[in-house]
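Content type mmCIF, C-alpha atoms, from the file entry_28.cif:
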```
data_start
#
loop_
_atom_site.group_PDB
_atom_site.id
_atom_site.type_symbol
_atom_site.label_atom_id
_atom_site.label_comp_id
_atom_site.auth_asym_id
_atom_site.auth_seq_id
_atom_site.Cartn_x
_atom_site.Cartn_y
_atom_site.Cartn_z
ATOM 1 C CA MET I 1 221.392 279.238 31.638
ATOM 2 C CA VAL I 2 223.453 279.579 34.820
ATOM 3 C CA HIS I 3 222.278 282.239 37.239
ATOM 4 C CA LEU I 4 224.903 283.465 39.686
ATOM 5 C CA HIS I 5 224.057 284.608 43.187
ATOM 6 C CA GLN I 6 225.086 288.237 43.701
ATOM 7 C CA ASP I 7 227.741 287.106 46.212
ATOM 8 C CA HIS I 8 229.321 284.973 43.487
ATOM 9 C CA VAL I 9 229.274 287.927 41.096
ATOM 10 C CA GLY I 10 231.089 289.927 43.770
ATOM 11 C CA ILE I 11 233.651 287.138 44.199
ATOM 12 C CA LEU I 12 234.303 286.920 40.447
ATOM 13 C CA LEU I 13 234.772 290.682 40.267
ATOM 14 C CA ARG I 14 237.160 290.615 43.255
ATOM 15 C CA VAL I 15 239.267 287.872 41.647
ATOM 16 C CA LEU I 16 239.321 289.827 38.375
ATOM 17 C CA SER I 17 240.389 292.992 40.177
ATOM 18 C CA GLY I 18 243.165 291.019 41.862
ATOM 19 C CA PHE I 19 244.458 289.911 38.463
ATOM 20 C CA PHE I 20 244.423 293.488 37.180
ATOM 21 C CA PHE I 21 246.177 294.732 40.315
ATOM 22 C CA ALA I 22 248.808 291.988 40.050
ATOM 23 C CA THR I 23 249.534 292.873 36.418
ATOM 24 C CA MET I 24 249.743 296.541 37.378
ATOM 25 C CA ILE I 25 252.283 295.717 40.098
ATOM 26 C CA VAL I 26 254.442 293.895 37.560
ATOM 27 C CA THR I 27 254.472 296.952 35.275
ATOM 28 C CA VAL I 28 255.351 299.205 38.218
ATOM 29 C CA LYS I 29 258.176 296.854 39.198
ATOM 30 C CA LEU I 30 259.520 296.983 35.634
ATOM 31 C CA VAL I 31 259.765 300.803 35.612
ATOM 32 C CA SER I 32 260.736 301.342 39.255
ATOM 33 C CA VAL I 33 264.476 301.421 38.525
ATOM 34 C CA ALA I 34 264.219 304.161 35.875
ATOM 35 C CA VAL I 35 261.323 306.322 37.116
ATOM 36 C CA PRO I 36 260.958 308.156 40.479
ATOM 37 C CA LEU I 37 258.206 307.032 42.852
ATOM 38 C CA GLY I 38 256.082 310.188 42.603
ATOM 39 C CA GLU I 39 256.186 310.123 38.804
ATOM 40 C CA ILE I 40 255.032 306.486 38.772
ATOM 41 C CA VAL I 41 252.148 307.367 41.097
ATOM 42 C CA PHE I 42 251.112 310.281 38.858
ATOM 43 C CA PHE I 43 251.101 308.335 35.580
ATOM 44 C CA ARG I 44 249.447 305.311 37.153
ATOM 45 C CA SER I 45 246.633 307.498 38.500
ATOM 46 C CA ALA I 46 246.294 309.810 35.489
ATOM 47 C CA PHE I 47 245.963 306.972 32.976
ATOM 48 C CA ALA I 48 243.518 305.207 35.311
ATOM 49 C CA LEU I 49 241.079 307.987 34.460
ATOM 50 C CA VAL I 50 240.748 306.639 30.893
ATOM 51 C CA PRO I 51 238.843 303.418 31.775
ATOM 52 C CA LEU I 52 237.076 305.179 34.641
ATOM 53 C CA VAL I 53 235.622 307.915 32.414
ATOM 54 C CA ALA I 54 234.731 305.304 29.763
ATOM 55 C CA PHE I 55 232.944 303.228 32.433
ATOM 56 C CA LEU I 56 230.965 306.233 33.657
ATOM 57 C CA TRP I 57 230.089 307.247 30.085
ATOM 58 C CA LEU I 58 228.850 303.746 29.180
ATOM 59 C CA ARG I 59 226.648 303.773 32.272
ATOM 60 C CA GLN I 60 225.417 307.282 31.330
ATOM 61 C CA GLU I 61 226.823 308.569 34.619
ATOM 62 C CA PHE I 62 229.303 311.125 33.299
ATOM 63 C CA PRO I 63 229.398 313.699 34.735
ATOM 64 C CA SER I 64 226.321 313.059 36.910
ATOM 65 C CA GLY I 65 227.988 310.043 38.576
ATOM 66 C CA LEU I 66 230.722 312.249 39.996
ATOM 67 C CA ARG I 67 228.341 313.870 42.459
ATOM 68 C CA SER I 68 228.524 312.491 45.979
ATOM 69 C CA GLN I 69 226.209 312.478 48.982
ATOM 70 C CA ARG I 70 229.241 312.000 51.257
ATOM 71 C CA PRO I 71 232.122 314.161 49.977
ATOM 72 C CA TRP I 72 234.094 313.935 53.217
ATOM 73 C CA LEU I 73 234.161 310.155 52.940
ATOM 74 C CA HIS I 74 235.698 310.597 49.483
ATOM 75 C CA VAL I 75 238.356 312.775 51.076
ATOM 76 C CA ALA I 76 239.100 310.105 53.680
ATOM 77 C CA ARG I 77 239.125 307.336 51.071
ATOM 78 C CA SER I 78 241.444 309.347 48.820
ATOM 79 C CA VAL I 79 243.859 310.168 51.640
ATOM 80 C CA PHE I 80 244.116 306.553 52.798
ATOM 81 C CA GLY I 81 244.302 305.263 49.220
ATOM 82 C CA ALA I 82 246.915 307.787 48.047
ATOM 83 C CA MET I 83 249.144 307.075 51.044
ATOM 84 C CA ALA I 84 248.762 303.333 50.437
ATOM 85 C CA THR I 85 249.741 303.809 46.777
ATOM 86 C CA PHE I 86 252.971 305.576 47.739
ATOM 87 C CA THR I 87 253.920 303.056 50.435
ATOM 88 C CA SER I 88 252.981 300.108 48.200
ATOM 89 C CA PHE I 89 255.101 301.286 45.279
ATOM 90 C CA ALA I 90 257.974 302.100 47.648
ATOM 91 C CA ALA I 91 257.785 298.538 49.015
ATOM 92 C CA ILE I 92 257.759 297.102 45.483
ATOM 93 C CA THR I 93 261.075 298.818 44.718
ATOM 94 C CA ARG I 94 262.708 297.087 47.707
ATOM 95 C CA LEU I 95 261.097 293.636 47.546
ATOM 96 C CA SER I 96 259.943 291.176 44.932
ATOM 97 C CA ALA I 97 256.440 291.725 43.572
ATOM 98 C CA ALA I 98 255.128 288.694 45.474
ATOM 99 C CA GLU I 99 256.824 289.647 48.747
ATOM 100 C CA ALA I 100 255.499 293.201 48.679
ATOM 101 C CA THR I 101 251.997 291.948 47.932
ATOM 102 C CA LEU I 102 251.915 289.145 50.466
ATOM 103 C CA LEU I 103 252.774 291.624 53.224
ATOM 104 C CA SER I 104 249.799 293.722 52.130
ATOM 105 C CA TYR I 105 247.632 290.639 52.722
ATOM 106 C CA ILE I 106 247.372 291.575 56.347
ATOM 107 C CA ALA I 107 244.748 293.964 54.943
ATOM 108 C CA PRO I 108 241.979 291.344 54.416
ATOM 109 C CA VAL I 109 242.195 290.320 58.070
ATOM 110 C CA LEU I 110 242.088 293.940 59.232
ATOM 111 C CA LEU I 111 239.270 294.614 56.763
ATOM 112 C CA ALA I 112 237.176 291.764 58.127
ATOM 113 C CA VAL I 113 237.728 292.845 61.733
ATOM 114 C CA ILE I 114 236.869 296.489 60.981
ATOM 115 C CA ALA I 115 233.794 295.461 58.960
ATOM 116 C CA VAL I 116 232.520 293.420 61.892
ATOM 117 C CA ALA I 117 233.258 296.166 64.419
ATOM 118 C CA LEU I 118 232.010 299.207 62.471
ATOM 119 C CA LEU I 119 229.536 297.892 59.886
ATOM 120 C CA GLY I 120 227.974 295.093 61.901
ATOM 121 C CA GLU I 121 228.837 292.436 59.307
ATOM 122 C CA ARG I 122 228.846 288.775 60.357
ATOM 123 C CA LEU I 123 232.145 286.899 60.530
ATOM 124 C CA THR I 124 230.735 283.467 59.681
ATOM 125 C CA ILE I 125 232.536 280.144 60.080
ATOM 126 C CA TYR I 126 233.219 280.069 56.347
ATOM 127 C CA ARG I 127 234.611 283.593 56.248
ATOM 128 C CA ALA I 128 236.757 283.140 59.354
ATOM 129 C CA GLY I 129 238.017 279.782 58.083
ATOM 130 C CA GLY I 130 238.867 281.220 54.679
ATOM 131 C CA LEU I 131 240.736 284.125 56.236
ATOM 132 C CA LEU I 132 242.708 281.933 58.632
ATOM 133 C CA LEU I 133 243.747 279.469 55.923
ATOM 134 C CA GLY I 134 244.749 282.263 53.580
ATOM 135 C CA LEU I 135 246.703 284.015 56.322
ATOM 136 C CA ALA I 136 248.416 280.735 57.207
ATOM 137 C CA GLY I 137 249.494 280.438 53.583
ATOM 138 C CA VAL I 138 250.951 283.937 53.710
ATOM 139 C CA PHE I 139 252.952 283.120 56.833
ATOM 140 C CA VAL I 140 254.249 279.907 55.291
ATOM 141 C CA LEU I 141 255.396 281.836 52.245
ATOM 142 C CA VAL I 142 257.008 284.763 54.068
ATOM 143 C CA TRP I 143 258.628 282.866 56.924
ATOM 144 C CA PRO I 144 261.672 281.602 54.963
ATOM 145 C CA GLU I 145 262.331 285.174 53.845
ATOM 146 C CA LEU I 146 262.150 286.503 57.393
ATOM 147 C CA SER I 147 264.338 283.744 58.804
ATOM 148 C CA SER I 148 267.048 284.247 56.163
ATOM 149 C CA ILE I 149 267.115 288.030 56.175
ATOM 150 C CA TYR I 150 270.150 288.157 58.444
ATOM 151 C CA LEU I 151 272.187 286.154 55.934
ATOM 152 C CA GLN I 152 272.083 289.047 53.489
ATOM 153 C CA ASP I 153 274.477 291.979 53.230
ATOM 154 C CA GLN I 154 273.832 294.932 55.530
ATOM 155 C CA ILE I 155 272.578 297.319 52.833
ATOM 156 C CA GLY I 156 270.304 294.680 51.311
ATOM 157 C CA GLU I 157 269.027 293.729 54.748
ATOM 158 C CA GLU I 158 268.216 297.324 55.626
ATOM 159 C CA GLN I 159 266.337 297.866 52.356
ATOM 160 C CA ARG I 160 264.337 294.670 52.821
ATOM 161 C CA LEU I 161 263.428 295.630 56.387
ATOM 162 C CA ILE I 162 262.262 299.042 55.140
ATOM 163 C CA GLY I 163 260.306 297.303 52.380
ATOM 164 C CA MET I 164 258.623 294.961 54.853
ATOM 165 C CA ALA I 165 257.714 297.859 57.156
ATOM 166 C CA LEU I 166 256.235 299.717 54.175
ATOM 167 C CA GLY I 167 254.286 296.579 53.260
ATOM 168 C CA VAL I 168 252.694 296.431 56.711
ATOM 169 C CA ILE I 169 251.843 300.147 56.594
ATOM 170 C CA THR I 170 250.294 299.583 53.164
ATOM 171 C CA ALA I 171 248.092 296.832 54.612
ATOM 172 C CA ILE I 172 246.763 299.115 57.352
ATOM 173 C CA LEU I 173 246.073 301.987 54.956
ATOM 174 C CA THR I 174 244.475 299.637 52.413
ATOM 175 C CA ALA I 175 242.100 298.177 55.001
ATOM 176 C CA LEU I 176 240.983 301.667 56.036
ATOM 177 C CA SER I 177 240.530 302.685 52.390
ATOM 178 C CA LEU I 178 238.488 299.579 51.558
ATOM 179 C CA ILE I 179 236.175 299.949 54.541
ATOM 180 C CA VAL I 180 235.381 303.526 53.475
ATOM 181 C CA THR I 181 234.814 302.222 49.937
ATOM 182 C CA ARG I 182 232.347 299.687 51.297
ATOM 183 C CA ILE I 183 230.392 302.493 52.994
ATOM 184 C CA LEU I 184 230.464 304.727 49.901
ATOM 185 C CA THR I 185 229.086 302.004 47.606
ATOM 186 C CA ARG I 186 225.785 302.250 49.482
ATOM 187 C CA THR I 187 225.083 305.743 48.161
ATOM 188 C CA ASP I 188 227.585 306.771 45.478
ATOM 189 C CA SER I 189 228.406 305.735 41.918
ATOM 190 C CA VAL I 190 231.007 302.985 41.607
ATOM 191 C CA GLY I 191 232.821 304.848 38.849
ATOM 192 C CA GLY I 192 232.654 308.117 40.763
ATOM 193 C CA ILE I 193 234.334 306.561 43.804
ATOM 194 C CA ALA I 194 237.227 305.280 41.710
ATOM 195 C CA PHE I 195 237.380 308.518 39.664
ATOM 196 C CA TRP I 196 237.886 310.813 42.644
ATOM 197 C CA PHE I 197 240.476 308.454 44.108
ATOM 198 C CA ALA I 198 242.457 308.566 40.842
ATOM 199 C CA VAL I 199 242.234 312.370 40.679
ATOM 200 C CA ALA I 200 243.424 312.770 44.274
ATOM 201 C CA THR I 201 246.288 310.313 43.850
ATOM 202 C CA ALA I 202 247.380 311.893 40.558
ATOM 203 C CA GLY I 203 247.451 315.256 42.323
ATOM 204 C CA ALA I 204 249.592 313.803 45.100
ATOM 205 C CA GLY I 205 251.988 312.351 42.536
ATOM 206 C CA LEU I 206 252.139 315.633 40.609
ATOM 207 C CA GLY I 207 253.212 317.340 43.818
ATOM 208 C CA THR I 208 256.550 315.544 43.504
ATOM 209 C CA LEU I 209 257.273 317.063 40.063
ATOM 210 C CA HIS I 210 260.366 318.925 41.289
ATOM 211 C CA PHE I 211 261.884 315.831 42.926
ATOM 212 C CA GLY I 212 263.861 314.374 40.045
ATOM 213 C CA TRP I 213 261.217 313.434 37.441
ATOM 214 C CA VAL I 214 262.611 312.022 34.193
ATOM 215 C CA ILE I 215 261.405 311.960 30.579
ATOM 216 C CA PRO I 216 260.473 308.291 29.968
ATOM 217 C CA ASP I 217 261.466 306.509 26.774
ATOM 218 C CA PRO I 218 258.629 305.016 24.637
ATOM 219 C CA ARG I 219 258.807 301.567 26.292
ATOM 220 C CA THR I 220 258.759 303.036 29.803
ATOM 221 C CA PHE I 221 255.935 305.409 28.895
ATOM 222 C CA ALA I 222 253.917 302.481 27.526
ATOM 223 C CA LEU I 223 254.437 300.566 30.784
ATOM 224 C CA LEU I 224 253.388 303.607 32.835
ATOM 225 C CA ALA I 225 250.258 303.961 30.701
ATOM 226 C CA ALA I 226 249.506 300.247 31.061
ATOM 227 C CA ALA I 227 249.900 300.493 34.844
ATOM 228 C CA GLY I 228 247.317 303.265 34.917
ATOM 229 C CA ILE I 229 244.792 301.551 32.658
ATOM 230 C CA LEU I 230 245.143 298.262 34.559
ATOM 231 C CA GLY I 231 244.813 300.109 37.858
ATOM 232 C CA GLY I 232 241.656 301.856 36.677
ATOM 233 C CA CYS I 233 240.092 298.568 35.547
ATOM 234 C CA ALA I 234 241.092 296.988 38.865
ATOM 235 C CA HIS I 235 239.395 299.741 40.863
ATOM 236 C CA ILE I 236 236.204 299.442 38.828
ATOM 237 C CA ALA I 237 236.062 295.666 39.374
ATOM 238 C CA MET I 238 236.942 295.983 43.072
ATOM 239 C CA THR I 239 234.400 298.700 43.793
ATOM 240 C CA LEU I 240 231.675 296.787 41.921
ATOM 241 C CA ALA I 241 232.558 293.707 43.964
ATOM 242 C CA PHE I 242 231.834 295.570 47.203
ATOM 243 C CA ARG I 243 228.414 296.513 45.833
ATOM 244 C CA PHE I 244 227.521 292.833 45.296
ATOM 245 C CA ALA I 245 229.056 291.260 48.427
ATOM 246 C CA GLN I 246 230.104 292.117 51.956
ATOM 247 C CA ALA I 247 233.699 292.968 52.825
ATOM 248 C CA THR I 248 234.078 289.898 55.059
ATOM 249 C CA ARG I 249 232.782 287.711 52.210
ATOM 250 C CA LEU I 250 235.317 289.046 49.728
ATOM 251 C CA ALA I 251 238.381 289.326 51.972
ATOM 252 C CA PRO I 252 239.792 285.773 51.490
ATOM 253 C CA PHE I 253 239.766 286.121 47.701
ATOM 254 C CA GLU I 254 242.444 288.809 47.794
ATOM 255 C CA TYR I 255 244.975 286.056 48.403
ATOM 256 C CA ILE I 256 244.494 284.580 44.920
ATOM 257 C CA ALA I 257 246.316 287.526 43.326
ATOM 258 C CA LEU I 258 249.495 286.274 45.009
ATOM 259 C CA ILE I 259 249.590 283.354 42.563
ATOM 260 C CA TRP I 260 249.891 285.698 39.569
ATOM 261 C CA LEU I 261 252.677 287.645 41.253
ATOM 262 C CA VAL I 262 254.716 284.577 42.178
ATOM 263 C CA LEU I 263 254.426 283.395 38.576
ATOM 264 C CA ALA I 264 255.535 286.854 37.406
ATOM 265 C CA ASP I 265 258.567 286.708 39.691
ATOM 266 C CA LEU I 266 259.383 283.317 38.184
ATOM 267 C CA MET I 267 258.784 284.070 34.500
ATOM 268 C CA ILE I 268 259.579 287.794 34.192
ATOM 269 C CA PHE I 269 262.015 288.632 36.983
ATOM 270 C CA GLY I 270 263.870 285.306 36.928
ATOM 271 C CA GLN I 271 263.208 284.285 40.533
ATOM 272 C CA SER I 272 262.630 280.622 41.371
ATOM 273 C CA LEU I 273 259.644 279.165 43.214
ATOM 274 C CA SER I 274 260.470 278.079 46.742
ATOM 275 C CA THR I 275 259.319 274.940 48.516
ATOM 276 C CA ALA I 276 257.306 277.226 50.780
ATOM 277 C CA PHE I 277 255.249 278.361 47.783
ATOM 278 C CA PHE I 278 254.040 274.828 47.101
ATOM 279 C CA VAL I 279 253.028 274.480 50.759
ATOM 280 C CA ALA I 280 251.347 277.888 50.842
ATOM 281 C CA LEU I 281 249.455 277.494 47.556
ATOM 282 C CA PRO I 282 246.895 274.873 48.740
ATOM 283 C CA LEU I 283 246.331 276.882 51.926
ATOM 284 C CA VAL I 284 245.607 280.053 49.983
ATOM 285 C CA LEU I 285 243.363 278.302 47.456
ATOM 286 C CA GLY I 286 241.715 276.281 50.201
ATOM 287 C CA GLY I 287 240.821 279.475 52.037
ATOM 288 C CA ALA I 288 239.174 280.882 48.924
ATOM 289 C CA VAL I 289 237.247 277.643 48.299
ATOM 290 C CA ILE I 290 235.930 277.495 51.881
ATOM 291 C CA ALA I 291 234.753 281.093 51.664
ATOM 292 C CA ALA I 292 233.066 280.384 48.324
ATOM 293 C CA LEU I 293 231.075 277.484 49.819
ATOM 294 C CA GLU I 294 229.215 279.695 52.268
ATOM 295 C CA ARG I 295 226.104 279.973 50.104
ATOM 296 C CA THR I 296 226.204 276.326 49.050
ATOM 297 C CA LYS I 297 225.728 274.872 52.514
ATOM 298 C CA LYS I 298 224.333 276.510 55.569
ATOM 299 C CA LEU I 299 226.153 276.231 58.849
ATOM 300 C CA PRO I 300 225.580 278.235 62.013
ATOM 301 C CA GLY I 301 228.009 281.094 62.196
#
```
Serialized structure, structure tokens:
Amino acid sequence: MVHLHQDHVGILLRVLSGFFFATMIVTVKLVSVAVPLGEIVFFRSAFALVPLVAFLWLRQEFPSGLRSQRPWLHVARSVFGAMATFTSFAAITRLSAAEATLLSYIAPVLLAVIAVALLGERLTIYRAGGLLLGLAGVFVLVWPELSSIYLQDQIGEEQRLIGMALGVITAILTALSLIVTRILTRTDSVGGIAFWFAVATAGAGLGTLHFGWVIPDPRTFALLAAAGILGGCAHIAMTLAFRFAQATRLAPFEYIALIWLVLADLMIFGQSLSTAFFVALPLVLGGAVIAALERTKKLPG
């Protein structure tokens, strides 16, 4: 029987959460034309409560797991996370799913730096190498888009620039949210952390009720529900991952989710794979592999 080190369990959970998040982004992209931003945020967060409550109930932590020793950290986590949800979804409406996500991949670098500075985590050779390779892959992938942006029409160019700015803001907010999550996992229930985030974000989305909400048709409603359920599962997996492994250990594995999104752009949204993708792919995967080898061989770092 194979016994996994707890770091490897954390890595597997982080990769799984990335897949769930990627699938959620695809569903959000599919409904973004027909449904206002605030309404998407509400349904995504409200339906996320379904797997979160089920998770807490299975662990016999409902409602006891909702109590917190650090309520103000939940407030901070919810504020950062809710703002990141709005900016992320706004970026998705202006960019392809892969583009919006790859811009958010500044977050793992910021997360690693903040974790070292505030939590005293070690930025080992493996972790730094994995981050740098993954970041290099992101730059390779995004550079052709940045260099060709001026060839587009003025309205399209303006929307893409806004989308890219929102992507960067999302990365900053996400890094802050994840570092607070890392701190909370030391004392609070995993399901409780995700539950209160979903409640706060649903409340923020509901606050936009009078800004042009629409009644979704059955297909759109199903996609909104799927986005919420996938988002809830993603948060459970992500928060569990931070309980098993350090933030700097997990950061490079966020890049793997980009693969699912590029494939979605190709197969669902009809966009072709660029040459840059095939150059970036081994860099991104190589970064994840290097980070995964940390426990296999010991090097000073």
(message) Using the chain letters and numbers from this file, what does the PyMOL selection byres ((chain I and resi 204) around 12) select? Give the answer as a VMD selection string.
(response) chain I and resid 37 to 46 78 to 86 197 to 203 205 to 209
Picked residues, the PyMOL selection byres ((chain I and resi 178) around 10), expected as a short mmCIF file (atom, residue, chain, number, x, y, z; two decimals) with C-alpha atoms, in the coordinates of the input:
```
data_model
loop_
_atom_site.label_atom_id
_atom_site.label_comp_id
_atom_site.auth_asym_id
_atom_site.auth_seq_id
_atom_site.Cartn_x
_atom_site.Cartn_y
_atom_site.Cartn_z
CA ARG I 77 239.12 307.34 51.07
CA PHE I 80 244.12 306.55 52.80
CA GLY I 81 244.30 305.26 49.22
CA ALA I 107 244.75 293.96 54.94
CA PRO I 108 241.98 291.34 54.42
CA LEU I 111 239.27 294.61 56.76
CA ALA I 115 233.79 295.46 58.96
CA LEU I 173 246.07 301.99 54.96
CA THR I 174 244.48 299.64 52.41
CA ALA I 175 242.10 298.18 55.00
CA LEU I 176 240.98 301.67 56.04
CA SER I 177 240.53 302.68 52.39
CA ILE I 179 236.18 299.95 54.54
CA VAL I 180 235.38 303.53 53.48
CA THR I 181 234.81 302.22 49.94
CA ARG I 182 232.35 299.69 51.30
CA ILE I 183 230.39 302.49 52.99
CA LEU I 184 230.46 304.73 49.90
CA MET I 238 236.94 295.98 43.07
CA THR I 239 234.40 298.70 43.79
CA PHE I 242 231.83 295.57 47.20
CA ALA I 247 233.70 292.97 52.82
#
```
(request) Go through I:Val138, I:Ile259, I:Leu131, I:Leu30 one by one, measure the shortest atom-to-atom distance of each to Arg219 of chain I using only C-alpha atoms, and give the residue with the smallest value. (result) I:Leu30
Please determine an axis-aligned box that encloses all atoms of segment 217-228 of chain I listed in the file, with 8 Å added on each side, and express its centre and edge lengths in Å to one decimal as AutoDock Vina command-line options.
```
--center_x 254.4 --center_y 303.4 --center_z 29.8 --size_x 30.1 --size_y 22.3 --size_z 26.3
```
(request) Would you please work out which residue, of I:Leu12, I:Val35, I:Leu223, I:Leu118, is nearest to Phe211 of chain I when using all atoms listed in the file? (result)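 That would be I:Val35, the residue with the smallest distance to Phe211 of chain I.
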(request) Check the smallest atom-to-atom distance from each of I:Arg59, I:Arg127, I:Arg70, I:Arg243 to Val9 of chain I using only C-alpha atoms, then report the winner. (result) I:Arg243
(message) Please return as a ChimeraX atom specification every residue within 12 Å of (261.7, 302.7, 37.8), taking into account all atoms listed in the file and the file's own coordinates.
(response) /I:25-41,89-90,92-94,213-217,219-221,223-224
(message) If I take atom CA of Arg122 of chain I and atom CA of Ala257 of chain I, how far is one from the other in Å, to one decimal?
(response)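 For atom CA of Arg122 of chain I relative to atom CA of Ala257 of chain I, the distance reads 24.4 Å.
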(request) Using all atoms listed in the file, find the one residue out of I:Ala97, I:Ala22, I:Ala226, I:Val15 that sits nearest to Asp265 of chain I. (result)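 Ranked by minimum distance to Asp265 of chain I, first place goes to I:Ala97.
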(message) To test your reading of the syntax: which residues would the PyMOL selection byres ((chain I and resi 67) around 12) return for the file shown? Reply as a PyMOL selection string.
(response) chain I and resi 56+61-66+68-71+74+184+187-193+195-196
(request) Find, counting only C-alpha atoms, the residue in I:Gly130, I:Gly286, I:Pro218, I:Gly167 that gets nearest to Ala98 of chain I. (result)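 Checking each candidate against Ala98 of chain I, we get I:Gly167 as the closest.
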Emit segment 64-70 of chain I of the structure in the block as a file comprising all heavy atoms, as a short mmCIF file (atom, residue, chain, number, x, y, z; two decimals), in the first residue's frame.
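Contents of the output file decode35.cif:
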```
data_model
loop_
_atom_site.label_atom_id
_atom_site.label_comp_id
_atom_site.auth_asym_id
_atom_site.auth_seq_id
_atom_site.Cartn_x
_atom_site.Cartn_y
_atom_site.Cartn_z
N SER I 64 -21.24 23.06 14.73
CA SER I 64 -20.12 23.38 15.64
C SER I 64 -18.90 23.90 14.89
O SER I 64 -18.17 24.75 15.40
CB SER I 64 -19.74 22.13 16.44
OG SER I 64 -19.29 21.09 15.57
N GLY I 65 -18.67 23.42 13.65
CA GLY I 65 -17.50 23.84 12.89
C GLY I 65 -17.55 25.26 12.39
O GLY I 65 -16.56 25.78 11.85
N LEU I 66 -18.69 25.92 12.58
CA LEU I 66 -18.81 27.31 12.12
C LEU I 66 -18.27 28.29 13.14
O LEU I 66 -18.07 29.47 12.83
CB LEU I 66 -20.28 27.64 11.83
CG LEU I 66 -20.97 26.75 10.78
CD1 LEU I 66 -22.39 27.23 10.54
CD2 LEU I 66 -20.19 26.75 9.48
N ARG I 67 -18.03 27.81 14.37
CA ARG I 67 -17.45 28.70 15.37
C ARG I 67 -15.99 28.97 15.05
O ARG I 67 -15.28 28.10 14.57
CB ARG I 67 -17.58 28.08 16.77
CG ARG I 67 -19.02 28.04 17.30
CD ARG I 67 -19.03 27.72 18.78
NE ARG I 67 -18.54 26.38 19.04
CZ ARG I 67 -19.32 25.30 19.09
NH1 ARG I 67 -20.61 25.41 18.89
NH2 ARG I 67 -18.80 24.11 19.33
N SER I 68 -15.55 30.18 15.37
CA SER I 68 -14.18 30.57 15.05
C SER I 68 -13.49 31.19 16.26
O SER I 68 -14.12 31.90 17.05
CB SER I 68 -14.17 31.58 13.89
OG SER I 68 -12.86 32.08 13.68
N GLN I 69 -12.21 30.91 16.40
CA GLN I 69 -11.40 31.55 17.43
C GLN I 69 -10.87 32.90 16.96
O GLN I 69 -10.38 33.68 17.76
CB GLN I 69 -10.21 30.64 17.80
CG GLN I 69 -10.62 29.29 18.36
CD GLN I 69 -9.43 28.44 18.75
OE1 GLN I 69 -8.42 28.96 19.23
NE2 GLN I 69 -9.54 27.13 18.55
N ARG I 70 -10.98 33.16 15.65
CA ARG I 70 -10.45 34.40 15.08
C ARG I 70 -11.46 35.00 14.10
O ARG I 70 -11.23 35.04 12.89
CB ARG I 70 -9.13 34.13 14.35
CG ARG I 70 -8.07 33.49 15.22
CD ARG I 70 -6.83 33.18 14.42
NE ARG I 70 -5.76 32.69 15.23
CZ ARG I 70 -4.53 32.40 14.78
NH1 ARG I 70 -4.26 32.55 13.49
NH2 ARG I 70 -3.59 31.96 15.59
#
```
